[in-house]
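The next block holds one structure in the form of structure tokens; read it before the comments.
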Amino acid sequence: MQAMVYRGPYRIRVEEKDRPPIEHPNDAIVRVTRAAICGSDLHLYHGMMPDTRVGMTFGHEFVGVVDEVGPSVRNLKPGDRVMVPFNVYCGSCFYCARGLFSNCHNVNPNATAVGGIYGYSHTCGGYDGGQAEYVRVPFADVGPSPIPEWMDDDDAVLLTDALATGYFGAQLGDIVEGDVVVVFGAGPVGLYAAKSAWLMGAGRVIVIDHLDYRLEKAASFAHAETYNFAEYDDIVVHLKKITDHLGADVAIDAVGAEADGNFLQHVTAAKLKLQGGSPVALNWAIDSVRKGATISVMGAYGPMFSAVKFGDALNKGLTLRMNQCPVKRQWPRLFEHVRNGYLKPSDLVTHRIPLEHIAEAYHIFSAKLDGCIKPLIVPNAA
Amino acid sequence: MPYSADKPKLAESSDELRARIPGWGVDLDPKDRPSVPKLRFDANLNGAHWEFPERQPEKWPRERSIEHKFLTPVFGTACPPKGLSGMIRRYSYRTYSEGRAAHWLLLLAADRVDAVESTLGSLLSRRPDNPVTETGVRSEFTHHGLASRLAGKRADRAHHPLDPIIVAAPWVLAGGAVYLALSRVVRRRRT
């Protein structure tokens, strides 16, 4: 089969690999019909995530058709159209029993601090991902779900991470009616978070980024007020000014490890890998919200330390909430919102690129070329 | 104003927002927001029919965090450790917990060694690495590279020149290693 393969920082190619075998009785093999590149895939692509091995296939956002199932699988059969949450999880451990699917303790031998994620380095379990023609899906009775008949693949694939994570980001903000919500980052997760904030009753939604084309999308797709931080000497002061010097009630960090806006932070984290991530957006969030506010962190950071302004968070009495999204927990409500037309995930898709051109897709997405917001990957077997 | 008791007034009322934004407030009630177990428990979300999962066969000694009691019952089987990078990875897993910076720094070092090893190895294979096709840099010419980079006030322009250096590093290191090896062979033959 054809699969995307990592060759080193900023280098990937398509190779012929063996179709993955059933390795556990509850495995399924899924033929991928649509995959996406996530902003967090860029952390792998840039060599930031420890234990990202040459030969690994990335991709934790994918949907497809069940091709084969292991002997203990009861809920799926070959031919089923399925969407697969980005979390690999067992459904039975301490954490899964409490709905914390993203914190599963039975699927990642390499680390206890993070659960299993498809195609996301050995730090997240060493599973090959879905930017390929076929992928192994462990615990087929637990994670995957049939795609509703009325939902197309482009919408479904965005529910496997980006939309669920954006909505989860707003949810962790504990938004109450009339709250001022500021979202850092106008990538897919930030845009979905901004849109979701309205569903939860926000009174004002502000989106911060430095890419004008993404801010335009934030205005049109997410009805948000937008500001380009590169146009201000100090975006924190600007945010204070536009909130009557009180600050926002809720901030959502939808940027994560490669945040721009501070050259030293960015270079030490994203280029020199001396920090788990560049916490520029998170520090801006800490500084710009009001005292007693809630900050929801959806941006992905590596496992190493990062230079976060924790003292200010303490002194301001902030609540910091974060987790990898337990995707399947979000689906029933999100299905309703998609069906009712409140959320249209595929509105953010800007590029559909064949698997054999995935190196170009990564470069376009990484360098933010051609107005790219969300690239989808279409395998030949689709 | 934070200097007095009242919260600043919003430009639009909830009714105005509801009229303008499709779906505004449909999840206003926290009970409508998915959350387990704090607000709502839904046993149907969980399809496990085991108390502890059956164990996946371990086909080679699988490296694992020393913070785990045992090898997890299910694990990924991509890219077993190999070469010098594999030795570094195994040492890191065997020796340091996730709480130690040494653990992660060694794994990052192994990643860099892996890239150099693989680049060198590819030169001896039927399909050597090709930095032009593998970086996707051709899309600069087909997807408005320059125009995109120059548009607006992008904050990332300052560090764009660093990317080629990162890409070139394993090639320079591999070239250096080949040069040293060849010059050693030549020297031995001369003596």
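Chain labels A, B, ... are given in the sequence in which chains occur in the structure tokens; within each chain residues are numbered consecutively from 1, and ligands are likewise numbered from 1 in the order shown.
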Please give the complete set of residues from segment 21-190 of chain B that DSSP, run on the backbone, assigns to helix (DSSP H, G or I), formatted as a PyMOL selection string. chain B and resi 30-32+43-45+83-95+101-123+131-135+139-142+145-150+155-159+162-190
Under the rule of at most 6 Å, produce a per-residue listing of chain A near chain B: chain, number, name, the closest pair of atoms, and the distance in Å, as JSON lines, using only C-alpha atoms.
{"residue": "A:Gly8", "atom": "CA", "partner": "B:Ala115", "partner_atom": "CA", "distance": 5.0}
{"residue": "A:Tyr10", "atom": "CA", "partner": "B:Thr135", "partner_atom": "CA", "distance": 5.7}
{"residue": "A:Arg11", "atom": "CA", "partner": "B:Thr135", "partner_atom": "CA", "distance": 4.7}
{"residue": "A:Ile12", "atom": "CA", "partner": "B:Glu134", "partner_atom": "CA", "distance": 5.0}
{"residue": "A:Arg13", "atom": "CA", "partner": "B:Glu134", "partner_atom": "CA", "distance": 5.3}
{"residue": "A:His24", "atom": "CA", "partner": "B:Gln56", "partner_atom": "CA", "distance": 5.1}
{"residue": "A:Pro50", "atom": "CA", "partner": "B:Leu108", "partner_atom": "CA", "distance": 4.8}
{"residue": "A:Asp51", "atom": "CA", "partner": "B:Leu107", "partner_atom": "CA", "distance": 5.3}
{"residue": "A:Gly91", "atom": "CA", "partner": "B:Ala48", "partner_atom": "CA", "distance": 5.1}
{"residue": "A:Arg98", "atom": "CA", "partner": "B:Pro37", "partner_atom": "CA", "distance": 5.9}
{"residue": "A:Gly99", "atom": "CA", "partner": "B:Val36", "partner_atom": "CA", "distance": 5.1}
{"residue": "A:Asn106", "atom": "CA", "partner": "B:Thr72", "partner_atom": "CA", "distance": 5.0}
{"residue": "A:Val107", "atom": "CA", "partner": "B:Val74", "partner_atom": "CA", "distance": 5.0}
{"residue": "A:Asn108", "atom": "CA", "partner": "B:Phe75", "partner_atom": "CA", "distance": 5.8}
{"residue": "A:Pro109", "atom": "CA", "partner": "B:Arg64", "partner_atom": "CA", "distance": 4.8}
{"residue": "A:Asn110", "atom": "CA", "partner": "B:Arg64", "partner_atom": "CA", "distance": 4.5}
{"residue": "A:Ala111", "atom": "CA", "partner": "B:Ser65", "partner_atom": "CA", "distance": 5.3}
{"residue": "A:Gly125", "atom": "CA", "partner": "B:Gly76", "partner_atom": "CA", "distance": 5.5}
{"residue": "A:Gly126", "atom": "CA", "partner": "B:Gly76", "partner_atom": "CA", "distance": 4.3}
{"residue": "A:Tyr127", "atom": "CA", "partner": "B:Gly76", "partner_atom": "CA", "distance": 4.0}
{"residue": "A:Asp128", "atom": "CA", "partner": "B:Ala78", "partner_atom": "CA", "distance": 5.8}
{"residue": "A:Asp141", "atom": "CA", "partner": "B:Gly47", "partner_atom": "CA", "distance": 5.4}
{"residue": "A:Val142", "atom": "CA", "partner": "B:Gly47", "partner_atom": "CA", "distance": 4.5}
{"residue": "A:Trp198", "atom": "CA", "partner": "B:Trp24", "partner_atom": "CA", "distance": 5.1}
{"residue": "A:Leu199", "atom": "CA", "partner": "B:Trp24", "partner_atom": "CA", "distance": 4.5}
{"residue": "A:Met200", "atom": "CA", "partner": "B:Leu28", "partner_atom": "CA", "distance": 4.4}
{"residue": "A:Gly201", "atom": "CA", "partner": "B:Gly25", "partner_atom": "CA", "distance": 4.3}
{"residue": "A:His210", "atom": "CA", "partner": "B:Arg154", "partner_atom": "CA", "distance": 5.5}
{"residue": "A:Leu211", "atom": "CA", "partner": "B:Arg154", "partner_atom": "CA", "distance": 6.0}
{"residue": "A:Ala230", "atom": "CA", "partner": "B:Ala155", "partner_atom": "CA", "distance": 5.9}
{"residue": "A:Asp244", "atom": "CA", "partner": "B:Met1", "partner_atom": "CA", "distance": 5.4}
{"residue": "A:Leu246", "atom": "CA", "partner": "B:Pro2", "partner_atom": "CA", "distance": 5.1}
{"residue": "A:Gln330", "atom": "CA", "partner": "B:Pro34", "partner_atom": "CA", "distance": 5.6}
{"residue": "A:Tyr342", "atom": "CA", "partner": "B:Gly23", "partner_atom": "CA", "distance": 5.3}
{"residue": "A:Ala359", "atom": "CA", "partner": "B:Gly136", "partner_atom": "CA", "distance": 4.6}
{"residue": "A:Glu360", "atom": "CA", "partner": "B:Gly136", "partner_atom": "CA", "distance": 4.0}
{"residue": "A:His363", "atom": "CA", "partner": "B:Gly136", "partner_atom": "CA", "distance": 5.4}
{"residue": "A:Leu369", "atom": "CA", "partner": "B:Ser148", "partner_atom": "CA", "distance": 5.2}
{"residue": "A:Asp370", "atom": "CA", "partner": "B:His143", "partner_atom": "CA", "distance": 5.3}
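Taking atom CA of Pro345 of chain A as the reference point, atom CA of Ile117 of chain A is found at 21.5 Å.
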Show which residues sit within 6 Å of Val180 of chain A, as a CSV table (one decimal) with N, CA, C and O atoms, in the first residue's frame. Count only C-alpha atoms, and ignore same-chain residues fewer than 2 positions away.
chain,number,residue,atom,x,y,z
A,203,GLY,N,-20.7,36.6,24.7
A,203,GLY,CA,-21.3,37.9,24.3
A,203,GLY,C,-20.4,38.6,23.3
A,203,GLY,O,-20.8,39.6,22.6
A,204,ARG,N,-19.1,38.1,23.2
A,204,ARG,CA,-18.2,38.8,22.3
A,204,ARG,C,-17.1,37.8,22.1
A,204,ARG,O,-16.6,37.2,23.0
A,248,ALA,N,-10.4,39.8,29.0
A,248,ALA,CA,-11.4,38.8,28.6
A,248,ALA,C,-11.8,37.9,29.8
A,248,ALA,O,-11.0,37.7,30.7
A,249,ASP,N,-13.0,37.3,29.7
A,249,ASP,CA,-13.4,36.4,30.8
A,249,ASP,C,-12.8,35.0,30.5
A,249,ASP,O,-12.6,34.2,31.4
What lies within 7 Å of Cys104 of chain A using only C-alpha atoms, ignoring chain neighbours under 6 positions off, as a PyMOL selection string? chain A and resi 89-90+93+95-96+115
Save out the residues we just selected, C-alpha atoms, as a PDB file, in the first residue's frame.
ATOM      1  CA  TYR A  89      -8.111   3.953  23.850  1.00  0.00           C
ATOM      2  CA  CYS A  90      -9.167   0.742  25.530  1.00  0.00           C
ATOM      3  CA  CYS A  93      -8.965   1.481  32.265  1.00  0.00           C
ATOM      4  CA  TYR A  95      -9.379   6.866  32.877  1.00  0.00           C
ATOM      5  CA  CYS A  96     -11.592   5.471  30.102  1.00  0.00           C
ATOM      6  CA  GLY A 115      -2.547   8.398  25.898  1.00  0.00           C
TER       7      GLY A 115
END
Under the rule that only C-alpha atoms are counted, which of A:His43, A:Lys195, A:Arg352, A:His337 is the nearest residue to Ala300 of chain A?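 Under the stated criterion, the closest residue is A:His43.
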Write out as a PyMOL selection string each polymer residue whose atoms come within 6 Å of Tyr301 of chain A, counting only C-alpha atoms; drop sequence neighbours fewer than 3 positions from it. chain A and resi 256-257+276-277
Please identify all polymer residues within 9 Å of segment 101-103 of chain A, counting only C-alpha atoms, omitting same-chain residues fewer than 6 positions from it, and present them as a ChimeraX atom specification. /A:86-91,95,112-117,323-329
Would you mind reading off the distance between atom CA of Leu163 of chain A and atom CA of Leu191 of chain A, one decimal, in Å?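 Atom CA of Leu163 of chain A sits 8.9 Å away from atom CA of Leu191 of chain A.
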Considering only C-alpha atoms, state which residue in the set A:Leu282, A:Ala156, A:Val182, A:Met49 is at the smallest distance from Ser346 of chain A.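 So, comparing all the options, the nearest one is A:Ala156.
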